[in-house]
Amino acid sequence: MKSFMLRLSTLCCAALVATVVHAGVDELPQDIQDKLYNKDLIDPNQPLGDSAYRDWVAKNPPPWKIGYASSYAGNTWRAGVMDRLQNELIPKWKELGLISEVVITQSNLNDATQIQQIRQLVDQGVDAVIVCCSNPTALNASVEYAYNKGVPVFSGIGYLTSPYAVNSSANFVVGGRMMGDWMAKEIGGKGRVLNVEGIPGASASDSQNLGIESAMKEYPDIKVEGPISGMWTDQVAQAEVQRWLATNPGQLDGILIQSASELGGLRALLQSGRPMVPITIGSEEGALCYWRHNPDYVSGAIHAWPPGDDFEMIWNIMMRTLQGQGPKIQSILTTPVTMNRQEMIAAIPEDCSEQSSGWYHPGIEKWAGKEFLDNFFLRPADRKSTIPSRIPLRSEIEEGVSASGGCAFLVRPAGVRFDSGRPFPTIGSYPCLQSPQNWSMSGRPSVRRWLWIG
């Protein structure tokens, strides 16, 4: 018992020290800081402070009810998100017993509607909310409303500036910089290129433009036209590029276009009868297939946001936070994945369809795998476990004695009661009890968080 108490004391002291010293970005490995959090290669509005959820404890036990407040459903990228969510993530995490349902809303780019939907989701009792690709400031009041109700909000694929949001994406300034540098090398450092942005005002689109502009400053012999708005939708991008080509008959040497629009840009260029100048290709299978059939067309692709992998990244961050792992900072960023010609030939079959609306995915482990995400959490653990690896702060610790005489300590967040109808799971090789009645509670209320230590 003495050794047990010493170990417990060590855990509590370590957690207390972590509370006092909040270094934020400085807690990340140096190579991640240099590559993804370099002040010269990051959106100046990207939130980089300490996360509001470093020591946060979920108000309910699993299984959790999740809200997904989508802002748009009109492109193939969103379809790729929904495919991953409905066909992989929901079945997987339901089977693990960690979620009960996912409630999905869609606001069609209307900020007022999305604000209302977030509040409704909170009032309906969700345990967490995911938003995607939204206006960086418009949702802040609803994010704070959710936080005050004990519901964290996770912004995937673009940031919210609220201190109560957790954000994730590729570093889009780095991605835009990669696109600009690639294009400059592809056309020999001089010429005229068209810039086709995504949805103006969305942080992901604006950040990519910042990166492109940063790269182009180093190539004074390249003239950049635009931007025009492709709205991350192939049909829109095709129409806008066709319109621009029809009214700008001069020389064109390349098209910088954000992914989810590149297939539309390719179609517009093909139909124009002009030379097939380089276009930045992302993860759309139809555009990759054109390259597969014309392998000398360009030298590479840049996967800035494969939809399924990108959404699974914010989903895993959400689950880790609900489990008490404690995100260190407000924005968790990753690096766009490049693809050269040989990698493309190996990944894209020769019998592919240039009309495909599907998306290529590098895979979640390559995009933002477990070991990578561990760097961003104070208490990283198996994300499939219901048990945090450390005792959450603001928790009461109670000694219990099992029916078989084993000793364990129980952890109860203030004001939260355990659902007596839910059994304790098995943790590692230690047999956990199946009913709270098997614990000696010394007259205290039932608990909902617990930790089994040797």
# chains A, B, ... in the order shown; residues from 1 in each chain; ligands from 1
>>> residues_around(residues="Thr233 in chain A", least_positions_apart="3", cutoff="8 Å", atoms="only C-alpha atoms", output="mmCIF file with N, CA and C atoms, in the first residue's frame")
data_model
loop_
_atom_site.group_PDB
_atom_site.id
_atom_site.type_symbol
_atom_site.label_atom_id
_atom_site.label_comp_id
_atom_site.auth_asym_id
_atom_site.auth_seq_id
_atom_site.Cartn_x
_atom_site.Cartn_y
_atom_site.Cartn_z
ATOM 1 N N GLY A 74 -21.799 20.487 -50.902
ATOM 2 C CA GLY A 74 -21.947 20.552 -52.347
ATOM 3 C C GLY A 74 -20.730 20.200 -53.159
ATOM 4 N N ASN A 75 -19.765 19.462 -52.601
ATOM 5 C CA ASN A 75 -18.623 19.077 -53.429
ATOM 6 C C ASN A 75 -18.187 17.659 -53.091
ATOM 7 N N THR A 76 -17.247 17.148 -53.892
ATOM 8 C CA THR A 76 -16.804 15.766 -53.712
ATOM 9 C C THR A 76 -15.964 15.601 -52.447
ATOM 10 N N GLY A 230 -12.863 29.198 -56.961
ATOM 11 C CA GLY A 230 -13.349 27.899 -57.425
ATOM 12 C C GLY A 230 -14.312 27.249 -56.457
ATOM 13 N N VAL A 236 -17.977 24.544 -60.265
ATOM 14 C CA VAL A 236 -17.785 25.988 -60.152
ATOM 15 C C VAL A 236 -16.427 26.385 -60.708
ATOM 16 N N ALA A 237 -15.398 25.637 -60.328
ATOM 17 C CA ALA A 237 -14.046 25.952 -60.808
ATOM 18 C C ALA A 237 -13.964 25.856 -62.325
ATOM 19 N N ALA A 260 -9.800 20.044 -54.553
ATOM 20 C CA ALA A 260 -11.258 19.967 -54.615
ATOM 21 C C ALA A 260 -11.761 20.774 -55.792
ATOM 22 N N SER A 261 -10.842 21.355 -56.559
ATOM 23 C CA SER A 261 -11.216 22.107 -57.767
ATOM 24 C C SER A 261 -10.348 21.736 -58.964
ATOM 25 N N GLY A 264 -11.950 20.262 -62.130
ATOM 26 C CA GLY A 264 -12.680 21.273 -62.889
ATOM 27 C C GLY A 264 -11.740 22.149 -63.693
#
>>> select_by_dssp(residues="range 54-255 of chain A", states="alpha helix (DSSP H)", output="PyMOL selection string")
chain A and resi 76-84+90-95+111-123+140-148+172-186+203-216+234-247
>>> residues_around(residues="range 42-52 of chain A", least_positions_apart="2", cutoff="6 Å", atoms="only C-alpha atoms", output="ChimeraX atom specification")
/A:24,39-40,54,161,164,173,207,328-331
>>> write_last_selection(atoms="N, CA and C atoms", output="PDB file, in the first residue's frame")
ATOM      1  N   GLY A  24       2.800  25.575 -24.115  1.00  0.00           N
ATOM      2  CA  GLY A  24       2.174  25.607 -25.424  1.00  0.00           C
ATOM      3  C   GLY A  24       3.054  25.019 -26.507  1.00  0.00           C
ATOM      4  N   LYS A  39       7.150  31.013 -37.345  1.00  0.00           N
ATOM      5  CA  LYS A  39       6.348  32.244 -37.448  1.00  0.00           C
ATOM      6  C   LYS A  39       6.317  32.803 -38.860  1.00  0.00           C
ATOM      7  N   ASP A  40       7.303  32.470 -39.676  1.00  0.00           N
ATOM      8  CA  ASP A  40       7.330  32.962 -41.052  1.00  0.00           C
ATOM      9  C   ASP A  40       6.501  32.109 -42.004  1.00  0.00           C
ATOM     10  N   ARG A  54      -6.588  21.270 -21.627  1.00  0.00           N
ATOM     11  CA  ARG A  54      -5.409  20.552 -21.127  1.00  0.00           C
ATOM     12  C   ARG A  54      -5.761  19.632 -19.960  1.00  0.00           C
ATOM     13  N   THR A 161     -10.997  31.118 -34.245  1.00  0.00           N
ATOM     14  CA  THR A 161     -10.135  31.919 -33.377  1.00  0.00           C
ATOM     15  C   THR A 161     -10.565  31.884 -31.916  1.00  0.00           C
ATOM     16  N   TYR A 164     -11.774  28.587 -27.055  1.00  0.00           N
ATOM     17  CA  TYR A 164     -12.447  27.375 -26.592  1.00  0.00           C
ATOM     18  C   TYR A 164     -12.589  26.324 -27.690  1.00  0.00           C
ATOM     19  N   VAL A 173      -0.518  27.404 -44.830  1.00  0.00           N
ATOM     20  CA  VAL A 173       0.472  28.335 -45.357  1.00  0.00           C
ATOM     21  C   VAL A 173       1.657  27.553 -45.925  1.00  0.00           C
ATOM     22  N   SER A 207      -5.448  30.872 -45.899  1.00  0.00           N
ATOM     23  CA  SER A 207      -4.103  30.480 -45.486  1.00  0.00           C
ATOM     24  C   SER A 207      -3.304  29.937 -46.666  1.00  0.00           C
ATOM     25  N   LYS A 328      -2.307  19.930 -25.849  1.00  0.00           N
ATOM     26  CA  LYS A 328      -1.411  20.963 -25.342  1.00  0.00           C
ATOM     27  C   LYS A 328      -1.761  22.349 -25.865  1.00  0.00           C
ATOM     28  N   ILE A 329      -2.111  22.438 -27.144  1.00  0.00           N
ATOM     29  CA  ILE A 329      -2.270  23.741 -27.788  1.00  0.00           C
ATOM     30  C   ILE A 329      -3.584  23.801 -28.551  1.00  0.00           C
ATOM     31  N   GLN A 330      -3.938  25.005 -28.993  1.00  0.00           N
ATOM     32  CA  GLN A 330      -5.212  25.206 -29.672  1.00  0.00           C
ATOM     33  C   GLN A 330      -5.247  24.616 -31.077  1.00  0.00           C
ATOM     34  N   SER A 331      -4.118  24.614 -31.767  1.00  0.00           N
ATOM     35  CA  SER A 331      -4.098  24.172 -33.172  1.00  0.00           C
ATOM     36  C   SER A 331      -3.075  23.059 -33.356  1.00  0.00           C
TER      37      SER A 331
END
>>> closest_atom_pairs(of="range 220-333 of chain A", to="range 129-133 of chain A", cutoff="9 Å", atoms="only C-alpha atoms", output="JSON lines")
{"residue": "A:Phe311", "atom": "CA", "partner": "A:Cys132", "partner_atom": "CA", "distance": 8.5}
{"residue": "A:Ile314", "atom": "CA", "partner": "A:Ile130", "partner_atom": "CA", "distance": 7.9}
{"residue": "A:Trp315", "atom": "CA", "partner": "A:Ile130", "partner_atom": "CA", "distance": 7.9}
{"residue": "A:Met318", "atom": "CA", "partner": "A:Ile130", "partner_atom": "CA", "distance": 8.1}
>>> residues_around(residues="Glu285 in chain A", least_positions_apart="4", cutoff="9 Å", atoms="only C-alpha atoms", output="ChimeraX atom specification")
/A:263,289-290,348,352-360
>>> atom_distance(atom1="CA of Gly254 in chain A", atom2="CA of His303 in chain A")
18.3 Å
>>> residues_around(residues="Gly189 in chain A", least_positions_apart="2", cutoff="12 Å", atoms="only C-alpha atoms", output="PyMOL selection string")
chain A and resi 180-187+191-193+215-223+253-254
>>> closest_residue(among="A:Asp296, A:Glu225, A:Asp55, A:Asp234", to="Leu252 in chain A", atoms="only C-alpha atoms")
A:Glu225
>>> closest_residue(among="A:Ile90, A:Leu98, A:Leu194, A:Ala69", to="Asn110 in chain A", atoms="only C-alpha atoms")
A:Ala69
>>> closest_residue(among="A:Ser272, A:Tyr72, A:Thr321, A:Glu262", to="Pro249 in chain A", atoms="only C-alpha atoms")
A:Ser272
>>> closest_residue(among="A:Asp111, A:Gln325, A:Ser155, A:Arg379", to="Ala138 in chain A", atoms="only C-alpha atoms")
A:Asp111
>>> select_by_dssp(residues="range 176-419 of chain A", states="strand (DSSP E or B)", output="JSON, numbers by chain")
{"A": [191, 192, 193, 194, 195, 196, 197, 222, 223, 224, 225, 226, 227, 228, 229, 254, 255, 256, 257, 279, 284, 300, 301, 302, 303, 327, 329, 331, 332, 333, 334, 337, 338, 339, 340, 359, 377, 395, 396, 397, 398, 399, 400, 401, 407, 408, 409, 410, 411, 412, 413]}
>>> write_last_selection(atoms="C-alpha atoms", output="mmCIF file, in the first residue's frame")
data_model
loop_
_atom_site.group_PDB
_atom_site.id
_atom_site.type_symbol
_atom_site.label_atom_id
_atom_site.label_comp_id
_atom_site.auth_asym_id
_atom_site.auth_seq_id
_atom_site.Cartn_x
_atom_site.Cartn_y
_atom_site.Cartn_z
ATOM 1 C CA GLY A 191 5.677 33.233 -66.840
ATOM 2 C CA ARG A 192 2.024 33.981 -66.129
ATOM 3 C CA VAL A 193 -0.092 31.852 -63.806
ATOM 4 C CA LEU A 194 -3.707 31.959 -62.683
ATOM 5 C CA ASN A 195 -4.539 31.575 -58.982
ATOM 6 C CA VAL A 196 -7.841 29.792 -58.248
ATOM 7 C CA GLU A 197 -8.710 30.004 -54.542
ATOM 8 C CA ILE A 222 6.177 35.223 -62.490
ATOM 9 C CA LYS A 223 3.001 37.276 -62.844
ATOM 10 C CA VAL A 224 0.070 35.948 -60.829
ATOM 11 C CA GLU A 225 -3.462 36.632 -62.100
ATOM 12 C CA GLY A 226 -6.509 36.457 -59.872
ATOM 13 C CA PRO A 227 -7.465 35.039 -57.547
ATOM 14 C CA ILE A 228 -10.745 33.761 -58.885
ATOM 15 C CA SER A 229 -12.956 31.598 -56.688
ATOM 16 C CA GLY A 254 0.229 27.458 -65.262
ATOM 17 C CA ILE A 255 -2.775 27.288 -62.928
ATOM 18 C CA LEU A 256 -2.400 27.330 -59.156
ATOM 19 C CA ILE A 257 -5.635 25.777 -57.947
ATOM 20 C CA ILE A 279 -1.957 22.600 -62.865
ATOM 21 C CA GLU A 284 -8.880 14.166 -56.619
ATOM 22 C CA GLY A 300 4.259 15.762 -58.771
ATOM 23 C CA ALA A 301 1.133 16.253 -56.686
ATOM 24 C CA ILE A 302 0.588 17.819 -53.259
ATOM 25 C CA HIS A 303 -2.016 16.240 -50.986
ATOM 26 C CA PRO A 327 -4.360 18.638 -25.923
ATOM 27 C CA ILE A 329 -2.270 23.741 -27.788
ATOM 28 C CA SER A 331 -4.098 24.172 -33.172
ATOM 29 C CA ILE A 332 -2.693 20.755 -34.081
ATOM 30 C CA LEU A 333 -1.071 20.961 -37.498
ATOM 31 C CA THR A 334 0.393 18.422 -39.913
ATOM 32 C CA VAL A 337 2.007 14.924 -48.330
ATOM 33 C CA THR A 338 3.821 15.043 -51.662
ATOM 34 C CA MET A 339 3.625 12.444 -54.441
ATOM 35 C CA ASN A 340 6.151 12.031 -57.233
ATOM 36 C CA TRP A 359 -10.367 10.893 -53.600
ATOM 37 C CA PHE A 377 -1.124 15.614 -25.848
ATOM 38 C CA SER A 395 -10.899 15.126 -9.782
ATOM 39 C CA GLU A 396 -11.579 13.555 -6.404
ATOM 40 C CA ILE A 397 -9.665 10.376 -5.645
ATOM 41 C CA GLU A 398 -11.352 7.696 -3.579
ATOM 42 C CA GLU A 399 -9.880 4.458 -2.273
ATOM 43 C CA GLY A 400 -11.941 1.354 -3.000
ATOM 44 C CA VAL A 401 -11.656 -2.319 -2.137
ATOM 45 C CA CYS A 407 -7.063 -2.396 -4.146
ATOM 46 C CA ALA A 408 -7.879 0.363 -6.616
ATOM 47 C CA PHE A 409 -8.367 4.098 -6.573
ATOM 48 C CA LEU A 410 -11.445 5.711 -8.071
ATOM 49 C CA VAL A 411 -11.474 9.159 -9.613
ATOM 50 C CA ARG A 412 -14.555 11.362 -9.670
ATOM 51 C CA PRO A 413 -14.763 14.768 -11.404
#
